[in-house]
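What follows is the content of target_15.cif (mmCIF, C-alpha atoms).
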```cif
data_my_file
#
loop_
_atom_site.label_atom_id
_atom_site.label_comp_id
_atom_site.auth_asym_id
_atom_site.auth_seq_id
_atom_site.Cartn_x
_atom_site.Cartn_y
_atom_site.Cartn_z
CA MET F 1 7.17 24.06 3.81
CA ALA F 2 7.23 25.40 0.30
CA THR F 3 3.53 26.07 0.52
CA GLN F 4 4.00 28.48 3.36
CA THR F 5 6.75 30.48 1.78
CA GLN F 6 5.05 30.69 -1.60
CA SER F 7 1.62 31.65 -0.40
CA GLY F 8 0.43 32.51 -3.88
CA LEU F 9 0.38 28.90 -4.99
CA ILE F 10 -2.48 26.57 -4.33
CA SER F 11 -1.17 23.21 -3.32
CA GLY F 12 -2.80 19.86 -2.97
CA PHE F 13 -2.85 17.76 0.17
CA GLU F 14 -4.11 14.35 0.99
CA THR F 15 -5.17 13.15 4.38
CA THR F 16 -6.01 9.61 5.35
CA TYR F 17 -7.63 9.10 8.70
CA ILE F 18 -8.70 6.03 10.59
CA THR F 19 -11.83 6.07 12.66
CA ARG F 20 -13.12 3.45 15.04
CA ALA F 21 -14.80 0.58 13.24
CA GLU F 22 -17.87 0.87 15.48
CA LEU F 23 -18.45 4.47 14.44
CA SER F 24 -21.85 4.83 12.79
CA ASP F 25 -22.26 6.09 9.24
CA GLU F 26 -23.75 9.29 10.56
CA GLY F 27 -20.76 9.84 12.80
CA LEU F 28 -18.40 9.40 9.90
CA LYS F 29 -20.51 11.67 7.78
CA ALA F 30 -20.35 14.35 10.46
CA ILE F 31 -16.55 14.20 10.44
CA GLN F 32 -16.48 14.42 6.67
CA GLU F 33 -18.87 17.39 6.69
CA ARG F 34 -16.77 19.13 9.25
CA LEU F 35 -13.58 18.66 7.25
CA ASN F 36 -15.29 19.80 4.08
CA GLY F 37 -16.38 22.89 5.98
CA VAL F 38 -12.81 23.57 7.09
CA VAL F 39 -11.49 23.23 3.55
CA ALA F 40 -14.16 25.59 2.23
CA GLN F 41 -13.46 28.06 5.01
CA TYR F 42 -9.79 28.20 4.05
CA GLY F 43 -10.65 28.83 0.42
CA GLY F 44 -9.77 25.38 -0.81
CA GLU F 45 -11.62 22.71 -2.66
CA VAL F 46 -12.26 19.08 -1.87
CA VAL F 47 -10.89 17.18 -4.84
CA MET F 48 -11.91 13.67 -3.97
CA GLN F 49 -12.99 11.53 -1.13
CA GLU F 50 -12.50 7.81 -0.99
CA ASP F 51 -13.90 5.39 1.48
CA TRP F 52 -11.60 2.40 1.86
CA GLY F 53 -14.01 0.75 4.23
CA LYS F 54 -13.17 -1.19 7.34
CA ARG F 55 -9.80 -2.85 7.38
CA LYS F 56 -7.87 -4.91 9.81
CA LEU F 57 -4.97 -2.89 11.16
CA ALA F 58 -1.47 -4.29 10.81
CA TYR F 59 -0.96 -3.64 14.51
CA PRO F 60 -3.36 -2.45 17.19
CA ILE F 61 -3.72 1.30 17.64
CA ALA F 62 -5.53 2.72 20.66
CA LYS F 63 -6.59 -0.82 21.57
CA GLU F 64 -8.39 -1.17 18.27
CA SER F 65 -7.56 -3.91 15.82
CA ARG F 66 -9.92 -2.74 13.08
CA GLY F 67 -10.45 0.68 11.64
CA HIS F 68 -12.42 2.55 9.04
CA TYR F 69 -10.18 4.31 6.53
CA THR F 70 -11.17 7.49 4.77
CA TYR F 71 -8.91 9.18 2.28
CA PHE F 72 -9.47 12.66 0.99
CA VAL F 73 -7.68 15.11 -1.20
CA TYR F 74 -8.08 18.85 -1.05
CA THR F 75 -6.44 22.03 -2.14
CA GLY F 76 -5.53 25.10 -0.18
CA LYS F 77 -2.65 26.84 1.49
CA GLY F 78 -0.47 25.25 4.11
CA ASP F 79 -2.53 26.45 7.06
CA VAL F 80 -5.53 24.36 6.03
CA VAL F 81 -3.60 21.22 6.99
CA HIS F 82 -3.06 22.49 10.51
CA GLU F 83 -6.74 23.17 10.89
CA ILE F 84 -7.73 19.78 9.46
CA GLU F 85 -5.31 17.98 11.72
CA ARG F 86 -6.47 19.98 14.73
CA ASN F 87 -10.04 18.95 13.99
CA LEU F 88 -9.05 15.33 13.61
CA ARG F 89 -7.14 15.45 16.87
CA LEU F 90 -10.17 16.86 18.68
CA ASN F 91 -12.35 14.00 17.59
CA ASP F 92 -11.78 10.95 19.74
CA GLN F 93 -13.30 8.65 17.12
CA VAL F 94 -10.27 9.35 14.94
CA PHE F 95 -7.22 7.55 16.20
CA ARG F 96 -4.72 7.95 13.40
CA PHE F 97 -4.26 10.27 10.47
CA LEU F 98 -1.59 11.06 7.91
CA SER F 99 -1.39 14.14 5.75
CA VAL F 100 0.84 14.36 2.73
CA ASN F 101 1.71 17.42 0.71
CA LEU F 102 1.19 16.47 -2.92
CA GLU F 103 2.59 19.02 -5.31
CA LYS F 104 3.27 22.69 -5.24
CA GLU F 105 1.51 23.21 -8.52
CA PHE F 106 -1.45 21.02 -8.10
CA ASN F 107 -3.62 20.18 -11.07
CA ILE F 108 -6.96 18.76 -10.02
CA GLU F 109 -7.87 17.14 -13.30
CA ALA F 110 -4.43 15.62 -13.80
CA PHE F 111 -4.48 14.28 -10.27
CA LYS F 112 -7.87 12.65 -10.66
CA LYS F 113 -6.82 11.10 -13.93
CA ALA F 114 -3.56 9.83 -12.50
CA ARG F 115 -5.33 8.35 -9.51
CA VAL F 116 -7.81 6.48 -11.68
CA GLU F 117 -5.02 5.17 -13.85
CA GLN F 118 -3.00 4.14 -10.86
CA GLN F 119 -5.91 2.23 -9.40
CA ALA F 120 -6.56 0.56 -12.73
CA ALA F 121 -2.92 -0.50 -12.89
CA ALA F 122 -3.08 -1.86 -9.37
CA LYS F 123 -6.19 -3.79 -10.26
CA ARG F 124 -4.56 -5.16 -13.38
CA ARG F 125 -1.58 -6.32 -11.35
CA GLU F 126 -3.95 -7.91 -8.90
CA GLU F 127 -5.64 -9.84 -11.68
CA GLU F 128 -2.31 -10.94 -13.11
CA ARG F 129 -1.28 -12.13 -9.69
CA GLU F 130 -4.54 -13.99 -9.34
CA ALA F 131 -4.03 -15.65 -12.72
CA ARG F 132 -0.50 -16.67 -11.81
CA ARG F 133 -1.70 -18.06 -8.52
CA GLU F 134 -4.36 -20.13 -10.20
CA GLU F 135 -1.79 -21.43 -12.63
CA ARG F 136 0.42 -22.43 -9.77
CA MET F 137 -2.50 -24.06 -8.02
CA ALA F 138 -3.25 -26.02 -11.17
CA ALA F 139 0.39 -27.08 -11.43
CA MET F 140 0.35 -28.15 -7.82
CA GLY F 141 -2.83 -30.08 -8.44
CA GLU F 142 -1.10 -32.01 -11.19
CA ARG F 143 1.80 -32.81 -8.99
CA ARG F 144 -0.54 -33.90 -6.26
CA SER F 145 -2.13 -36.49 -8.49
CA TYR F 146 1.25 -38.25 -8.59
CA ALA F 147 1.64 -38.07 -4.85
CA PRO F 148 -1.72 -38.59 -3.20
CA ARG F 149 -0.38 -38.27 0.33
CA HIS F 150 0.70 -34.75 -0.39
CA GLN F 151 -2.74 -33.87 -1.53
CA HIS F 152 -4.25 -34.56 1.81
CA ALA F 153 -1.85 -32.22 3.57
CA GLU F 154 -2.40 -29.28 1.25
CA ALA F 155 -6.02 -29.63 0.34
CA PRO F 156 -7.47 -27.40 3.10
CA GLU F 157 -5.21 -24.54 2.11
CA ALA F 158 -6.31 -24.74 -1.51
CA ALA F 159 -9.95 -24.79 -0.52
CA ALA F 160 -9.52 -21.79 1.73
CA SER F 161 -7.82 -19.63 -0.85
CA GLU F 162 -10.37 -20.31 -3.50
CA GLU F 163 -13.13 -18.78 -1.48
CA MET K 1 -9.76 -2.40 -1.25
CA SER K 2 -10.11 -5.41 0.94
CA TYR K 3 -7.92 -8.44 0.60
CA ASN K 4 -8.34 -11.74 2.25
CA ARG K 5 -5.76 -13.26 4.50
CA GLU K 6 -4.88 -16.26 2.39
CA ASP K 7 -3.96 -14.00 -0.46
CA LYS K 8 -1.68 -12.01 1.71
CA MET K 9 0.11 -14.98 3.14
CA ASP K 10 0.43 -16.50 -0.27
CA SER K 11 1.96 -13.45 -1.85
CA GLY K 12 4.27 -13.01 1.09
CA ALA K 13 5.56 -16.51 0.75
CA ARG K 14 6.03 -16.12 -2.97
CA ASP K 15 7.82 -12.81 -2.65
CA ALA K 16 10.15 -14.31 -0.12
CA ARG K 17 10.89 -17.13 -2.52
CA ASP K 18 11.45 -14.71 -5.37
CA ALA K 19 13.83 -12.79 -3.21
CA ARG K 20 15.77 -15.92 -2.38
CA GLU K 21 16.01 -16.89 -6.01
CA GLY K 22 17.31 -13.46 -6.81
CA ARG K 23 20.00 -13.82 -4.21
CA ASP K 24 21.09 -17.18 -5.58
CA ASP K 25 21.57 -15.60 -8.96
CA GLY K 26 23.59 -12.85 -7.39
CA ASP K 27 25.85 -15.37 -5.70
CA GLU K 28 26.46 -17.15 -8.94
CA ARG K 29 27.40 -13.95 -10.61
CA GLY K 30 29.53 -12.92 -7.67
CA SER K 31 31.59 -16.11 -7.70
CA ARG K 32 32.22 -15.66 -11.44
CA ARG K 33 31.61 -19.30 -12.19
CA GLY K 34 31.47 -19.75 -15.95
CA GLY K 35 28.33 -21.02 -17.59
CA GLY K 36 26.07 -20.04 -14.70
CA PHE K 37 22.73 -18.51 -15.50
CA SER K 38 22.26 -15.11 -14.01
CA ARG K 39 19.30 -12.83 -14.27
CA LYS K 40 19.88 -9.13 -14.43
CA LYS K 41 17.75 -7.39 -11.85
CA VAL K 42 16.09 -4.19 -12.92
CA CYS K 43 14.25 -1.58 -10.99
CA ARG K 44 10.56 -2.38 -11.31
CA PHE K 45 9.62 1.25 -10.91
CA CYS K 46 11.90 2.28 -13.78
CA SER K 47 10.97 -0.54 -16.12
CA ASP K 48 7.21 -0.47 -15.64
CA GLN K 49 5.53 2.87 -16.18
CA ASP K 50 2.33 1.61 -14.58
CA PHE K 51 4.13 0.66 -11.43
CA ILE K 52 3.98 3.97 -9.60
CA MET K 53 5.14 4.28 -6.04
CA ASP K 54 2.21 4.74 -3.74
CA TYR K 55 2.12 4.25 -0.01
CA LYS K 56 -1.62 3.64 -0.27
CA ASP K 57 -1.18 0.55 -2.43
CA ILE K 58 -1.09 -2.14 0.21
CA ARG K 59 -0.08 -4.96 -2.08
CA MET K 60 2.81 -2.95 -3.43
CA MET K 61 4.03 -2.07 0.03
CA GLN K 62 3.72 -5.65 1.21
CA SER K 63 5.72 -6.89 -1.72
CA PHE K 64 8.68 -4.78 -0.56
CA VAL K 65 8.48 -5.77 3.06
CA SER K 66 9.74 -9.04 4.51
CA GLU K 67 7.55 -11.18 6.71
CA HIS K 68 9.23 -9.60 9.71
CA GLY K 69 8.28 -6.17 8.49
CA LYS K 70 11.71 -5.21 7.21
CA ILE K 71 12.09 -3.23 4.02
CA THR K 72 13.64 -5.33 1.25
CA PRO K 73 17.18 -4.14 0.56
CA ARG K 74 18.23 -3.02 -2.88
CA ARG K 75 20.48 -5.98 -3.47
CA ILE K 76 17.40 -8.19 -3.33
CA SER K 77 14.68 -6.01 -4.79
CA GLY K 78 16.92 -4.58 -7.49
CA ASN K 79 15.51 -1.10 -7.14
CA CYS K 80 17.52 1.86 -8.29
CA ALA K 81 18.82 4.26 -5.66
CA MET K 82 16.19 6.90 -6.29
CA HIS K 83 13.28 4.52 -6.10
CA GLN K 84 14.67 2.72 -3.08
CA ARG K 85 14.84 6.06 -1.29
CA LYS K 86 11.25 6.80 -2.25
CA LEU K 87 10.23 3.30 -1.31
CA THR K 88 11.57 3.61 2.22
CA SER K 89 9.54 6.73 2.84
CA ALA K 90 6.46 5.15 1.25
CA VAL K 91 6.74 2.07 3.44
CA LYS K 92 7.15 4.24 6.50
CA ARG K 93 4.01 6.14 5.63
CA ALA K 94 2.15 2.89 5.14
CA ARG K 95 3.42 1.72 8.52
CA ASN K 96 2.10 4.84 10.14
CA LEU K 97 -1.34 4.08 8.74
CA ALA K 98 -1.14 0.46 9.91
CA LEU K 99 -1.28 -0.79 6.32
CA VAL K 100 1.91 -2.75 6.90
CA GLY K 101 3.35 -3.61 10.26
CA TYR K 102 6.43 -2.30 11.98
CA VAL K 103 7.46 -5.70 13.21
CA SER K 104 5.58 -8.39 11.34
CA SER K 105 3.04 -8.32 8.55
CA GLY K 106 1.08 -11.42 9.54
CA HIS K 107 -0.14 -12.21 13.02
#
```
Translate this file's structure into structure tokens.
Amino acid sequence: MATQTQSGLISGFETTYITRAELSDEGLKAIQERLNGVVAQYGGEVVMQEDWGKRKLAYPIAKESRGHYTYFVYTGKGDVVHEIERNLRLNDQVFRFLSVNLEKEFNIEAFKKARVEQQAAAKRREEEREARREERMAAMGERRSYAPRHQHAEAPEAAASEE
Amino acid sequence: MSYNREDKMDSGARDARDAREGRDDGDERGSRRGGGFSRKKVCRFCSDQDFIMDYKDIRMMQSFVSEHGKITPRRISGNCAMHQRKLTSAVKRARNLALVGYVSSGH
């Protein structure tokens, strides 16, 4: 809302949209091109574009259980979001999208830096979690050697998670 | 950003256990039994500068959602009021994008 009242400010927005998993690379590219065109037309700038790849959805949407996620960040005034969302709505390959208003005073460089840092932190946490899990697995393995019957019951799980 | 299923289940189970442990501690403190060990819960978002709220971080969102898809309450997660408020909106955004479920996280 603030973006519309203070039209002088350039704000940042992020939109994540989910396309059908069967959509070809060209199809996805066409959508991206179109959105880039819209952003340019409204005097904004595409800050970054991330492809999260195909993911399993937590619940089925539009009878789809998998989807291709694309995340992109752009600048502009409030009306650019309407246009982007209208374009996404028109495309029947896109079945879900979410736009978020980032900050009123959007700093592209700071945002990029923060995003990289955030991802690095997430990755670090992931590694720590992995390390802890392995530790636990090792501990369980030790315990199993005392109780061989237990080992049989839990062995398939251990094998599966080490893949 | 793709995670395998086993990982997810595993972390879910562990988080649930952590949550239970936390509650046990709380009970001990609540009953004021002397000599009991109690762990002070702190808001993870306040204590860890790297731990920034982000609805796009699937692992983070999953760690604050029960296996039935419910948002972990403050008394269990230990979040401060401000971050719990932000967390609820972040989880709801993640739900909208089907990153976490509305009803259950694992099928």
* Asked: Near chain K, which residues of chain F fall within 7 Å when you count only C-alpha atoms, and what do they look like as a ChimeraX atom specification?
  -> /F:52,55,57-59,96,118,121,161
* Skipping near chain neighbours, those fewer than 4 positions away, what residues fall within 8 Å of Leu35 of chain F using only C-alpha atoms, listed as JSON, numbers by chain? -> {"F": [31, 39, 84, 87]}
* **Selection: 12 Å around segment 42-45 of chain K, all atoms listed in the file, excl. self and same-chain fewer than 5 positions, as a PyMOL selection string** => chain K and resi 22+50-54+60+63-64+74-87
* Shortest interatomic distance to Glu14 of chain F - which of K:His68, K:Tyr55, K:Met61, K:Thr88, counting all atoms listed in the file ->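 That would be K:Tyr55, the residue with the smallest distance to Glu14 of chain F.
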* Can you list what the PyMOL selection byres ((chain F and resi 100) around 12) grabs from this structure, as a count of residues only? -> 31
* May I ask for the distance between atom CA of Gly67 of chain F and atom CA of Ala21 of chain F, given in Å to one decimal place? => 4.6 Å
* To do: Would you work out the distance separating atom CA of Gly44 of chain F from atom CA of Lys92 of chain K, expressed in Å to one decimal?
  =>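 Computing the Euclidean distance for atom CA of Gly44 of chain F and atom CA of Lys92 of chain K yields 28.0 Å.
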* Å distance separating atom CA of Ala139 of chain F from atom CA of Arg125 of chain F, one decimal place ->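 Between these atoms lies a distance of 20.9 Å.
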* To do: For Lys112 of chain F, please output as a list of chain:residue names all residues within 8 Å (counting all atoms listed in the file; exclusion window: fewer than 3 positions along the same chain).
  => F:Val47, F:Met48, F:Ile108, F:Glu109, F:Arg115, F:Val116
